[in-house]
$ cat target-v6.cif   # mmCIF, N, CA and C atoms
data_start
loop_
_atom_site.label_atom_id
_atom_site.label_comp_id
_atom_site.auth_asym_id
_atom_site.auth_seq_id
_atom_site.Cartn_x
_atom_site.Cartn_y
_atom_site.Cartn_z
N MET A 1379 29.24 65.57 -25.07
CA MET A 1379 28.98 66.82 -25.76
C MET A 1379 27.80 67.49 -25.07
N LYS A 1380 27.97 68.75 -24.73
CA LYS A 1380 26.90 69.55 -24.12
C LYS A 1380 26.19 70.28 -25.26
N ILE A 1381 24.87 70.09 -25.35
CA ILE A 1381 24.10 70.63 -26.47
C ILE A 1381 23.09 71.64 -25.96
N SER A 1382 23.16 72.85 -26.48
CA SER A 1382 22.18 73.88 -26.13
C SER A 1382 20.82 73.49 -26.70
N CYS A 1383 19.77 73.75 -25.94
CA CYS A 1383 18.42 73.36 -26.36
C CYS A 1383 17.82 74.36 -27.34
N GLN A 1384 18.47 74.48 -28.48
CA GLN A 1384 17.94 75.26 -29.58
C GLN A 1384 18.21 74.46 -30.86
N THR A 1385 17.30 74.56 -31.80
CA THR A 1385 17.40 73.71 -32.99
C THR A 1385 18.68 73.98 -33.79
N ALA A 1386 19.24 75.18 -33.69
CA ALA A 1386 20.48 75.49 -34.40
C ALA A 1386 21.63 74.60 -33.92
N ALA A 1387 21.55 74.08 -32.71
CA ALA A 1387 22.61 73.23 -32.16
C ALA A 1387 22.62 71.85 -32.82
N LEU A 1388 21.56 71.49 -33.51
CA LEU A 1388 21.49 70.17 -34.15
C LEU A 1388 22.54 70.00 -35.24
N SER A 1389 22.90 71.09 -35.93
CA SER A 1389 23.93 70.98 -36.96
C SER A 1389 25.28 70.68 -36.32
N GLU A 1390 25.56 71.28 -35.16
CA GLU A 1390 26.80 70.98 -34.42
C GLU A 1390 26.80 69.52 -33.96
N LEU A 1391 25.64 69.04 -33.55
CA LEU A 1391 25.51 67.65 -33.13
C LEU A 1391 25.84 66.71 -34.29
N ARG A 1392 25.30 67.00 -35.48
CA ARG A 1392 25.58 66.15 -36.65
C ARG A 1392 27.07 66.11 -36.96
N VAL A 1393 27.74 67.27 -36.91
CA VAL A 1393 29.18 67.32 -37.18
C VAL A 1393 29.93 66.48 -36.16
N PHE A 1394 29.58 66.63 -34.89
CA PHE A 1394 30.22 65.86 -33.82
C PHE A 1394 30.02 64.36 -34.02
N LEU A 1395 28.79 63.96 -34.33
CA LEU A 1395 28.51 62.53 -34.53
C LEU A 1395 29.24 61.98 -35.74
N LYS A 1396 29.25 62.74 -36.83
CA LYS A 1396 29.92 62.28 -38.05
C LYS A 1396 31.41 62.07 -37.79
N LYS A 1397 32.04 63.02 -37.10
CA LYS A 1397 33.46 62.91 -36.79
C LYS A 1397 33.72 61.72 -35.87
N THR A 1398 32.94 61.62 -34.80
CA THR A 1398 33.14 60.56 -33.81
C THR A 1398 32.91 59.18 -34.41
N LEU A 1399 31.81 59.02 -35.15
CA LEU A 1399 31.49 57.72 -35.73
C LEU A 1399 32.46 57.37 -36.87
N GLY A 1400 32.94 58.39 -37.58
CA GLY A 1400 33.91 58.17 -38.65
C GLY A 1400 35.20 57.56 -38.12
N GLU A 1401 35.58 57.93 -36.91
CA GLU A 1401 36.79 57.40 -36.30
C GLU A 1401 36.64 55.93 -35.91
N LEU A 1402 35.41 55.44 -35.85
CA LEU A 1402 35.16 54.06 -35.44
C LEU A 1402 35.11 53.10 -36.62
N HIS A 1403 35.28 53.62 -37.83
CA HIS A 1403 35.31 52.81 -39.05
C HIS A 1403 34.03 52.01 -39.26
N LEU A 1404 32.89 52.65 -38.99
CA LEU A 1404 31.60 52.03 -39.26
C LEU A 1404 31.25 52.24 -40.73
N SER A 1405 30.36 51.42 -41.25
CA SER A 1405 29.92 51.62 -42.63
C SER A 1405 29.17 52.95 -42.73
N ASP A 1406 29.11 53.49 -43.95
CA ASP A 1406 28.37 54.74 -44.17
C ASP A 1406 26.92 54.59 -43.75
N VAL A 1407 26.31 53.44 -44.07
CA VAL A 1407 24.90 53.20 -43.72
C VAL A 1407 24.72 53.20 -42.20
N ASP A 1408 25.60 52.50 -41.49
CA ASP A 1408 25.50 52.48 -40.02
C ASP A 1408 25.67 53.88 -39.44
N GLN A 1409 26.64 54.62 -39.97
CA GLN A 1409 26.86 55.99 -39.47
C GLN A 1409 25.62 56.85 -39.67
N LEU A 1410 25.07 56.82 -40.88
CA LEU A 1410 23.90 57.66 -41.18
C LEU A 1410 22.70 57.27 -40.32
N GLN A 1411 22.49 55.98 -40.11
CA GLN A 1411 21.37 55.53 -39.29
C GLN A 1411 21.54 55.96 -37.84
N LEU A 1412 22.75 55.82 -37.32
CA LEU A 1412 22.99 56.23 -35.93
C LEU A 1412 22.84 57.73 -35.75
N ILE A 1413 23.34 58.50 -36.70
CA ILE A 1413 23.19 59.95 -36.64
C ILE A 1413 21.71 60.31 -36.65
N LEU A 1414 20.94 59.68 -37.52
CA LEU A 1414 19.50 59.93 -37.60
C LEU A 1414 18.82 59.64 -36.27
N ALA A 1415 19.11 58.50 -35.67
CA ALA A 1415 18.46 58.11 -34.41
C ALA A 1415 18.81 59.06 -33.27
N VAL A 1416 20.09 59.35 -33.11
CA VAL A 1416 20.52 60.22 -32.01
C VAL A 1416 19.98 61.64 -32.22
N GLU A 1417 20.05 62.12 -33.44
CA GLU A 1417 19.54 63.47 -33.73
C GLU A 1417 18.04 63.55 -33.46
N GLU A 1418 17.31 62.50 -33.80
CA GLU A 1418 15.86 62.50 -33.57
C GLU A 1418 15.53 62.61 -32.09
N VAL A 1419 16.21 61.84 -31.27
CA VAL A 1419 15.95 61.90 -29.82
C VAL A 1419 16.32 63.28 -29.29
N CYS A 1420 17.48 63.80 -29.69
CA CYS A 1420 17.91 65.12 -29.22
C CYS A 1420 16.95 66.21 -29.69
N ALA A 1421 16.51 66.15 -30.94
CA ALA A 1421 15.58 67.15 -31.46
C ALA A 1421 14.27 67.11 -30.68
N ASN A 1422 13.77 65.91 -30.40
CA ASN A 1422 12.54 65.81 -29.62
C ASN A 1422 12.70 66.43 -28.24
N LEU A 1423 13.82 66.18 -27.60
CA LEU A 1423 14.06 66.79 -26.28
C LEU A 1423 14.14 68.30 -26.38
N ILE A 1424 14.89 68.79 -27.35
CA ILE A 1424 15.05 70.24 -27.51
C ILE A 1424 13.69 70.91 -27.76
N ILE A 1425 12.90 70.34 -28.66
CA ILE A 1425 11.64 70.97 -29.06
C ILE A 1425 10.53 70.74 -28.05
N HIS A 1426 10.35 69.51 -27.63
CA HIS A 1426 9.18 69.18 -26.81
C HIS A 1426 9.42 69.28 -25.31
N SER A 1427 10.58 68.84 -24.82
CA SER A 1427 10.84 68.88 -23.38
C SER A 1427 11.35 70.23 -22.92
N HIS A 1428 12.13 70.88 -23.77
CA HIS A 1428 12.76 72.14 -23.36
C HIS A 1428 12.21 73.37 -24.09
N LYS A 1429 11.29 73.15 -25.01
CA LYS A 1429 10.64 74.26 -25.74
C LYS A 1429 11.67 75.22 -26.35
N CYS A 1430 12.78 74.67 -26.85
CA CYS A 1430 13.84 75.45 -27.51
C CYS A 1430 14.41 76.55 -26.62
N ASN A 1431 14.50 76.28 -25.33
CA ASN A 1431 15.06 77.24 -24.39
C ASN A 1431 16.59 77.16 -24.43
N ALA A 1432 17.22 78.17 -24.99
CA ALA A 1432 18.67 78.18 -25.18
C ALA A 1432 19.44 78.16 -23.86
N LEU A 1433 18.76 78.41 -22.74
CA LEU A 1433 19.42 78.36 -21.44
C LEU A 1433 19.49 76.94 -20.89
N ASP A 1434 18.74 76.02 -21.49
CA ASP A 1434 18.77 74.61 -21.09
C ASP A 1434 19.76 73.85 -21.95
N PHE A 1435 20.22 72.72 -21.43
CA PHE A 1435 21.20 71.89 -22.15
C PHE A 1435 20.84 70.42 -22.00
N ILE A 1436 21.26 69.65 -22.98
CA ILE A 1436 21.23 68.20 -22.86
C ILE A 1436 22.67 67.71 -23.03
N GLN A 1437 22.97 66.58 -22.46
CA GLN A 1437 24.32 66.03 -22.51
C GLN A 1437 24.30 64.73 -23.29
N LEU A 1438 25.22 64.59 -24.23
CA LEU A 1438 25.37 63.35 -24.99
C LEU A 1438 26.74 62.77 -24.72
N ASP A 1439 26.76 61.51 -24.28
CA ASP A 1439 28.00 60.79 -24.10
C ASP A 1439 27.94 59.52 -24.94
N ILE A 1440 29.03 59.20 -25.59
CA ILE A 1440 29.10 58.00 -26.41
C ILE A 1440 30.10 57.06 -25.75
N LYS A 1441 29.63 55.84 -25.47
CA LYS A 1441 30.48 54.84 -24.83
C LYS A 1441 30.65 53.68 -25.78
N GLN A 1442 31.90 53.29 -25.97
CA GLN A 1442 32.19 52.16 -26.85
C GLN A 1442 32.58 50.98 -25.98
N ASN A 1443 31.76 49.94 -26.02
CA ASN A 1443 32.03 48.70 -25.31
C ASN A 1443 32.27 47.63 -26.35
N PRO A 1444 32.88 46.51 -25.97
CA PRO A 1444 33.11 45.45 -26.97
C PRO A 1444 31.79 45.04 -27.65
N GLY A 1445 31.74 45.22 -28.97
CA GLY A 1445 30.58 44.80 -29.73
C GLY A 1445 29.39 45.72 -29.70
N LYS A 1446 29.48 46.86 -29.01
CA LYS A 1446 28.32 47.76 -28.98
C LYS A 1446 28.72 49.21 -28.73
N LEU A 1447 27.84 50.08 -29.17
CA LEU A 1447 27.95 51.52 -28.91
C LEU A 1447 26.76 51.93 -28.06
N ILE A 1448 27.01 52.77 -27.07
CA ILE A 1448 25.94 53.28 -26.22
C ILE A 1448 25.94 54.79 -26.32
N PHE A 1449 24.81 55.34 -26.73
CA PHE A 1449 24.61 56.80 -26.78
C PHE A 1449 23.77 57.15 -25.57
N GLU A 1450 24.36 57.87 -24.62
CA GLU A 1450 23.65 58.21 -23.40
C GLU A 1450 23.29 59.69 -23.44
N ILE A 1451 21.99 59.97 -23.44
CA ILE A 1451 21.49 61.33 -23.56
C ILE A 1451 20.82 61.68 -22.23
N THR A 1452 21.32 62.73 -21.59
CA THR A 1452 20.84 63.11 -20.27
C THR A 1452 20.33 64.55 -20.31
N ASP A 1453 19.21 64.77 -19.62
CA ASP A 1453 18.68 66.13 -19.54
C ASP A 1453 17.86 66.25 -18.27
N GLU A 1454 17.41 67.48 -18.01
CA GLU A 1454 16.57 67.76 -16.85
C GLU A 1454 15.26 68.41 -17.27
N GLY A 1455 14.79 68.09 -18.47
CA GLY A 1455 13.53 68.62 -18.96
C GLY A 1455 12.36 67.75 -18.57
N LYS A 1456 11.24 68.01 -19.18
CA LYS A 1456 10.05 67.20 -18.96
C LYS A 1456 10.34 65.78 -19.46
N ALA A 1457 10.13 64.80 -18.59
CA ALA A 1457 10.47 63.41 -18.94
C ALA A 1457 9.55 62.88 -20.03
N PHE A 1458 10.16 62.17 -20.98
CA PHE A 1458 9.42 61.47 -22.03
C PHE A 1458 10.07 60.12 -22.23
N ASN A 1459 9.34 59.08 -21.85
CA ASN A 1459 9.86 57.73 -21.99
C ASN A 1459 9.38 57.17 -23.32
N MET A 1460 10.28 57.11 -24.30
CA MET A 1460 9.87 56.64 -25.63
C MET A 1460 9.48 55.17 -25.62
N LEU A 1461 9.83 54.45 -24.57
CA LEU A 1461 9.42 53.05 -24.49
C LEU A 1461 7.91 52.93 -24.29
N ASP A 1462 7.31 53.97 -23.71
CA ASP A 1462 5.85 53.98 -23.50
C ASP A 1462 5.10 54.50 -24.72
N TYR A 1463 5.82 54.98 -25.71
CA TYR A 1463 5.22 55.57 -26.91
C TYR A 1463 4.47 54.51 -27.71
N GLU A 1464 3.22 54.80 -28.00
CA GLU A 1464 2.43 53.89 -28.81
C GLU A 1464 2.56 54.29 -30.27
N VAL A 1465 2.97 53.33 -31.08
CA VAL A 1465 3.17 53.59 -32.49
C VAL A 1465 1.83 53.89 -33.15
N PRO A 1466 1.72 55.02 -33.85
CA PRO A 1466 0.45 55.35 -34.50
C PRO A 1466 0.18 54.43 -35.69
N ASP A 1467 -1.08 54.33 -36.04
CA ASP A 1467 -1.47 53.58 -37.24
C ASP A 1467 -0.96 54.38 -38.44
N LEU A 1468 -0.03 53.79 -39.18
CA LEU A 1468 0.60 54.51 -40.29
C LEU A 1468 -0.40 54.90 -41.37
N ASN A 1469 -1.43 54.10 -41.58
CA ASN A 1469 -2.46 54.46 -42.56
C ASN A 1469 -3.22 55.71 -42.11
N LYS A 1470 -3.46 55.82 -40.79
CA LYS A 1470 -4.15 57.00 -40.28
C LYS A 1470 -3.26 58.24 -40.42
N VAL A 1471 -1.98 58.07 -40.10
CA VAL A 1471 -1.03 59.19 -40.24
C VAL A 1471 -1.00 59.66 -41.69
N LYS A 1472 -0.93 58.70 -42.60
CA LYS A 1472 -0.90 59.02 -44.03
C LYS A 1472 -2.19 59.71 -44.46
N GLY A 1473 -3.33 59.20 -43.98
CA GLY A 1473 -4.62 59.78 -44.32
C GLY A 1473 -4.80 61.18 -43.76
N ASP A 1474 -4.28 61.40 -42.56
CA ASP A 1474 -4.37 62.72 -41.93
C ASP A 1474 -3.38 63.71 -42.54
N LYS A 1475 -2.44 63.20 -43.34
CA LYS A 1475 -1.37 64.02 -43.93
C LYS A 1475 -0.62 64.80 -42.85
N ARG A 1476 -0.45 64.13 -41.72
CA ARG A 1476 0.21 64.74 -40.56
C ARG A 1476 1.71 64.76 -40.78
N LYS A 1477 2.35 65.86 -40.41
CA LYS A 1477 3.80 65.95 -40.45
C LYS A 1477 4.32 65.56 -39.07
N GLY A 1478 5.39 64.81 -39.05
CA GLY A 1478 6.00 64.45 -37.78
C GLY A 1478 5.35 63.23 -37.15
N GLY A 1479 5.92 62.85 -36.00
CA GLY A 1479 5.37 61.74 -35.25
C GLY A 1479 5.91 60.38 -35.63
N LEU A 1480 6.81 60.32 -36.61
CA LEU A 1480 7.32 59.03 -37.06
C LEU A 1480 8.78 58.80 -36.66
N GLY A 1481 9.41 59.80 -36.11
CA GLY A 1481 10.83 59.69 -35.77
C GLY A 1481 11.12 58.61 -34.75
N ILE A 1482 10.26 58.47 -33.77
CA ILE A 1482 10.50 57.46 -32.73
C ILE A 1482 10.41 56.06 -33.32
N ILE A 1483 9.56 55.88 -34.32
CA ILE A 1483 9.49 54.58 -35.01
C ILE A 1483 10.85 54.28 -35.63
N LEU A 1484 11.45 55.27 -36.27
CA LEU A 1484 12.77 55.08 -36.88
C LEU A 1484 13.82 54.75 -35.82
N VAL A 1485 13.79 55.47 -34.71
CA VAL A 1485 14.76 55.22 -33.64
C VAL A 1485 14.65 53.78 -33.16
N LYS A 1486 13.42 53.32 -32.96
CA LYS A 1486 13.20 51.95 -32.47
C LYS A 1486 13.65 50.91 -33.49
N LYS A 1487 13.55 51.23 -34.78
CA LYS A 1487 13.99 50.30 -35.82
C LYS A 1487 15.52 50.28 -35.96
N ILE A 1488 16.15 51.43 -35.77
CA ILE A 1488 17.60 51.54 -35.94
C ILE A 1488 18.36 50.96 -34.75
N MET A 1489 17.92 51.28 -33.55
CA MET A 1489 18.65 50.86 -32.35
C MET A 1489 18.24 49.45 -31.93
N ASP A 1490 19.17 48.74 -31.33
CA ASP A 1490 18.88 47.37 -30.86
C ASP A 1490 18.25 47.36 -29.48
N GLU A 1491 18.62 48.33 -28.66
CA GLU A 1491 18.05 48.45 -27.31
C GLU A 1491 17.86 49.92 -27.00
N ILE A 1492 16.81 50.20 -26.21
CA ILE A 1492 16.58 51.55 -25.72
C ILE A 1492 16.27 51.42 -24.24
N GLU A 1493 16.95 52.20 -23.43
CA GLU A 1493 16.70 52.21 -21.99
C GLU A 1493 16.34 53.63 -21.59
N PHE A 1494 15.45 53.75 -20.60
CA PHE A 1494 15.07 55.08 -20.13
C PHE A 1494 14.98 55.05 -18.61
N ASP A 1495 15.49 56.12 -18.00
CA ASP A 1495 15.43 56.25 -16.55
C ASP A 1495 15.21 57.72 -16.20
N SER A 1496 14.37 57.95 -15.22
CA SER A 1496 14.16 59.31 -14.73
C SER A 1496 14.24 59.26 -13.20
N THR A 1497 15.28 59.91 -12.67
CA THR A 1497 15.51 59.88 -11.23
C THR A 1497 15.83 61.29 -10.74
N ARG A 1498 15.07 61.73 -9.76
CA ARG A 1498 15.28 63.04 -9.12
C ARG A 1498 15.46 64.17 -10.13
N GLY A 1499 14.62 64.19 -11.17
CA GLY A 1499 14.64 65.28 -12.14
C GLY A 1499 15.64 65.13 -13.27
N THR A 1500 16.43 64.06 -13.25
CA THR A 1500 17.38 63.83 -14.33
C THR A 1500 16.90 62.65 -15.16
N ASN A 1501 16.76 62.87 -16.44
CA ASN A 1501 16.30 61.85 -17.38
C ASN A 1501 17.49 61.33 -18.16
N THR A 1502 17.54 60.02 -18.33
CA THR A 1502 18.61 59.41 -19.11
C THR A 1502 18.01 58.45 -20.12
N CYS A 1503 18.35 58.66 -21.38
CA CYS A 1503 17.94 57.77 -22.45
C CYS A 1503 19.21 57.14 -23.02
N ARG A 1504 19.24 55.81 -23.05
CA ARG A 1504 20.38 55.10 -23.62
C ARG A 1504 19.94 54.41 -24.90
N LEU A 1505 20.62 54.74 -25.98
CA LEU A 1505 20.38 54.11 -27.27
C LEU A 1505 21.56 53.16 -27.51
N ILE A 1506 21.26 51.90 -27.69
CA ILE A 1506 22.32 50.89 -27.77
C ILE A 1506 22.27 50.21 -29.13
N LYS A 1507 23.42 50.13 -29.78
CA LYS A 1507 23.56 49.47 -31.07
C LYS A 1507 24.65 48.41 -30.96
N TRP A 1508 24.26 47.18 -31.29
CA TRP A 1508 25.20 46.05 -31.27
C TRP A 1508 25.85 45.89 -32.64
N PHE A 1509 27.10 45.49 -32.63
CA PHE A 1509 27.83 45.23 -33.86
C PHE A 1509 28.51 43.88 -33.76
N GLN A 1510 28.64 43.21 -34.88
CA GLN A 1510 29.39 41.95 -34.92
C GLN A 1510 30.86 42.27 -34.72
N SER A 1511 31.50 41.54 -33.83
CA SER A 1511 32.93 41.81 -33.63
C SER A 1511 33.78 40.82 -34.38
#
$ encode --input "target-v6.cif" --output "structure tokens"
Amino acid sequence: MKISCQTAALSELRVFLKKTLGELHLSDVDQLQLILAVEEVCANLIIHSHKCNALDFIQLDIKQNPGKLIFEITDEGKAFNMLDYEVPDLNKVKGDKRKGGLGIILVKKIMDEIEFDSTRGTNTCRLIKWFQS
């Protein structure tokens, strides 16, 4: 799926993910968690890497392998490796009453593996979820 880098495209992303994941007969909880994780990564790219530039795009591909799903998100924006992200002190975040900054924590809790690669201006983030077969 080619996604325009504007926040309005996130609703189209949710519809696409719901339809695609629904066809895989996953539980409602698994579907909702996966949608949340993928949407969070895409939203961060749209807002922070591409500054909501509607002329930019990110690409989402979903690969189904035995026992796992791979969500591959590719873009050419400013690289952000979420593996290097340091989790903030949640008490400090709560005390500061800061909005945002917790989505990556959710992504890391939902997904079983996260891979990141940036080569010649192309960034690829792979979100991997294992399932019992």
$ residues_around --input "target-v6.cif" --residues "Gln1411 in chain A" --least-positions-apart "5" --cutoff "9 Å" --atoms "only C-alpha atoms" --output "VMD selection string"
chain A and resid 1406 1416 1484 to 1485 1488 to 1489
$ closest_residue --input "target-v6.cif" --among "A:Ala1415, A:Ala1457, A:Ile1483, A:Ala1386" --to "His1428 in chain A" --atoms "only C-alpha atoms"
A:Ala1457
$ resolve_selection --input "target-v6.cif" --expression "the PyMOL selection byres ((chain A and resi 1505-1508) around 7)" --output "list of chain:residue names"
A:Gly1445, A:Lys1446, A:Leu1447, A:Ile1448, A:Phe1449, A:Glu1450, A:Ile1451, A:Ile1488, A:Met1489, A:Asp1490, A:Glu1491, A:Ile1492, A:Glu1493, A:Cys1503, A:Arg1504, A:Phe1509, A:Gln1510
$ atom_distance --input "target-v6.cif" --atom1 "atom C of Gln1437 in chain A" --atom2 "CA of Leu1480 in chain A"
22.6 Å
$ residues_near_point --input "target-v6.cif" --point "(15.1, 65.1, -32.0)" --cutoff "12 Å" --atoms "only C-alpha atoms" --output "PyMOL selection string"
chain A and resi 1381+1383-1389+1391-1392+1413-1430+1436+1451+1460+1478-1482+1484-1485
$ atom_distance --input "target-v6.cif" --atom1 "atom N of Thr1502 in chain A" --atom2 "CA of Asp1434 in chain A"
14.9 Å
$ select_by_dssp --input "target-v6.cif" --residues "chain A" --states "alpha helix (DSSP H)" --output "ChimeraX atom specification"
/A:1387-1400,1406-1422,1468-1474,1481-1488
$ atom_distance --input "target-v6.cif" --atom1 "CA of Arg1498 in chain A" --atom2 "CA of Thr1452 in chain A"
12.5 Å
$ select_by_dssp --input "target-v6.cif" --residues "chain A" --states "strand (DSSP E)" --output "NGL selection string"
:A and (1380-1382 or 1435-1443 or 1446-1453 or 1491-1497 or 1500-1508)
$ write_last_selection --input "target-v6.cif" --atoms "N, CA and C atoms" --output "compact mmCIF listing (two decimals), keeping the file's coordinate frame"
# COMPACT_ATOMS: atom_id res chain seq x y z
N LYS A 1380 27.97 68.75 -24.73
CA LYS A 1380 26.90 69.55 -24.12
C LYS A 1380 26.19 70.28 -25.26
N ILE A 1381 24.87 70.09 -25.35
CA ILE A 1381 24.10 70.63 -26.47
C ILE A 1381 23.09 71.64 -25.96
N SER A 1382 23.16 72.85 -26.48
CA SER A 1382 22.18 73.88 -26.13
C SER A 1382 20.82 73.49 -26.70
N PHE A 1435 20.22 72.72 -21.43
CA PHE A 1435 21.20 71.89 -22.15
C PHE A 1435 20.84 70.42 -22.00
N ILE A 1436 21.26 69.65 -22.98
CA ILE A 1436 21.23 68.20 -22.86
C ILE A 1436 22.67 67.71 -23.03
N GLN A 1437 22.97 66.58 -22.46
CA GLN A 1437 24.32 66.03 -22.51
C GLN A 1437 24.30 64.73 -23.29
N LEU A 1438 25.22 64.59 -24.23
CA LEU A 1438 25.37 63.35 -24.99
C LEU A 1438 26.74 62.77 -24.72
N ASP A 1439 26.76 61.51 -24.28
CA ASP A 1439 28.00 60.79 -24.10
C ASP A 1439 27.94 59.52 -24.94
N ILE A 1440 29.03 59.20 -25.59
CA ILE A 1440 29.10 58.00 -26.41
C ILE A 1440 30.10 57.06 -25.75
N LYS A 1441 29.63 55.84 -25.47
CA LYS A 1441 30.48 54.84 -24.83
C LYS A 1441 30.65 53.68 -25.78
N GLN A 1442 31.90 53.29 -25.97
CA GLN A 1442 32.19 52.16 -26.85
C GLN A 1442 32.58 50.98 -25.98
N ASN A 1443 31.76 49.94 -26.02
CA ASN A 1443 32.03 48.70 -25.31
C ASN A 1443 32.27 47.63 -26.35
N LYS A 1446 29.48 46.86 -29.01
CA LYS A 1446 28.32 47.76 -28.98
C LYS A 1446 28.72 49.21 -28.73
N LEU A 1447 27.84 50.08 -29.17
CA LEU A 1447 27.95 51.52 -28.91
C LEU A 1447 26.76 51.93 -28.06
N ILE A 1448 27.01 52.77 -27.07
CA ILE A 1448 25.94 53.28 -26.22
C ILE A 1448 25.94 54.79 -26.32
N PHE A 1449 24.81 55.34 -26.73
CA PHE A 1449 24.61 56.80 -26.78
C PHE A 1449 23.77 57.15 -25.57
N GLU A 1450 24.36 57.87 -24.62
CA GLU A 1450 23.65 58.21 -23.40
C GLU A 1450 23.29 59.69 -23.44
N ILE A 1451 21.99 59.97 -23.44
CA ILE A 1451 21.49 61.33 -23.56
C ILE A 1451 20.82 61.68 -22.23
N THR A 1452 21.32 62.73 -21.59
CA THR A 1452 20.84 63.11 -20.27
C THR A 1452 20.33 64.55 -20.31
N ASP A 1453 19.21 64.77 -19.62
CA ASP A 1453 18.68 66.13 -19.54
C ASP A 1453 17.86 66.25 -18.27
N GLU A 1491 18.62 48.33 -28.66
CA GLU A 1491 18.05 48.45 -27.31
C GLU A 1491 17.86 49.92 -27.00
N ILE A 1492 16.81 50.20 -26.21
CA ILE A 1492 16.58 51.55 -25.72
C ILE A 1492 16.27 51.42 -24.24
N GLU A 1493 16.95 52.20 -23.43
CA GLU A 1493 16.70 52.21 -21.99
C GLU A 1493 16.34 53.63 -21.59
N PHE A 1494 15.45 53.75 -20.60
CA PHE A 1494 15.07 55.08 -20.13
C PHE A 1494 14.98 55.05 -18.61
N ASP A 1495 15.49 56.12 -18.00
CA ASP A 1495 15.43 56.25 -16.55
C ASP A 1495 15.21 57.72 -16.20
N SER A 1496 14.37 57.95 -15.22
CA SER A 1496 14.16 59.31 -14.73
C SER A 1496 14.24 59.26 -13.20
N THR A 1497 15.28 59.91 -12.67
CA THR A 1497 15.51 59.88 -11.23
C THR A 1497 15.83 61.29 -10.74
N THR A 1500 16.43 64.06 -13.25
CA THR A 1500 17.38 63.83 -14.33
C THR A 1500 16.90 62.65 -15.16
N ASN A 1501 16.76 62.87 -16.44
CA ASN A 1501 16.30 61.85 -17.38
C ASN A 1501 17.49 61.33 -18.16
N THR A 1502 17.54 60.02 -18.33
CA THR A 1502 18.61 59.41 -19.11
C THR A 1502 18.01 58.45 -20.12
N CYS A 1503 18.35 58.66 -21.38
CA CYS A 1503 17.94 57.77 -22.45
C CYS A 1503 19.21 57.14 -23.02
N ARG A 1504 19.24 55.81 -23.05
CA ARG A 1504 20.38 55.10 -23.62
C ARG A 1504 19.94 54.41 -24.90
N LEU A 1505 20.62 54.74 -25.98
CA LEU A 1505 20.38 54.11 -27.27
C LEU A 1505 21.56 53.16 -27.51
N ILE A 1506 21.26 51.90 -27.69
CA ILE A 1506 22.32 50.89 -27.77
C ILE A 1506 22.27 50.21 -29.13
N LYS A 1507 23.42 50.13 -29.78
CA LYS A 1507 23.56 49.47 -31.07
C LYS A 1507 24.65 48.41 -30.96
N TRP A 1508 24.26 47.18 -31.29
CA TRP A 1508 25.20 46.05 -31.27
C TRP A 1508 25.85 45.89 -32.64
$ residues_around --input "target-v6.cif" --residues "Gln1409 in chain A" --least-positions-apart "5" --cutoff "8 Å" --atoms "all atoms listed in the file" --output "list in words"
Leu1395, Lys1396, Leu1399, Gly1400, His1403, Leu1404, Leu1414 and Ala1415 of chain A
$ closest_residue --input "target-v6.cif" --among "A:Thr1398, A:Asn1501, A:Ser1405, A:Ser1382" --to "Glu1454 in chain A" --atoms "only N, CA and C atoms"
A:Asn1501
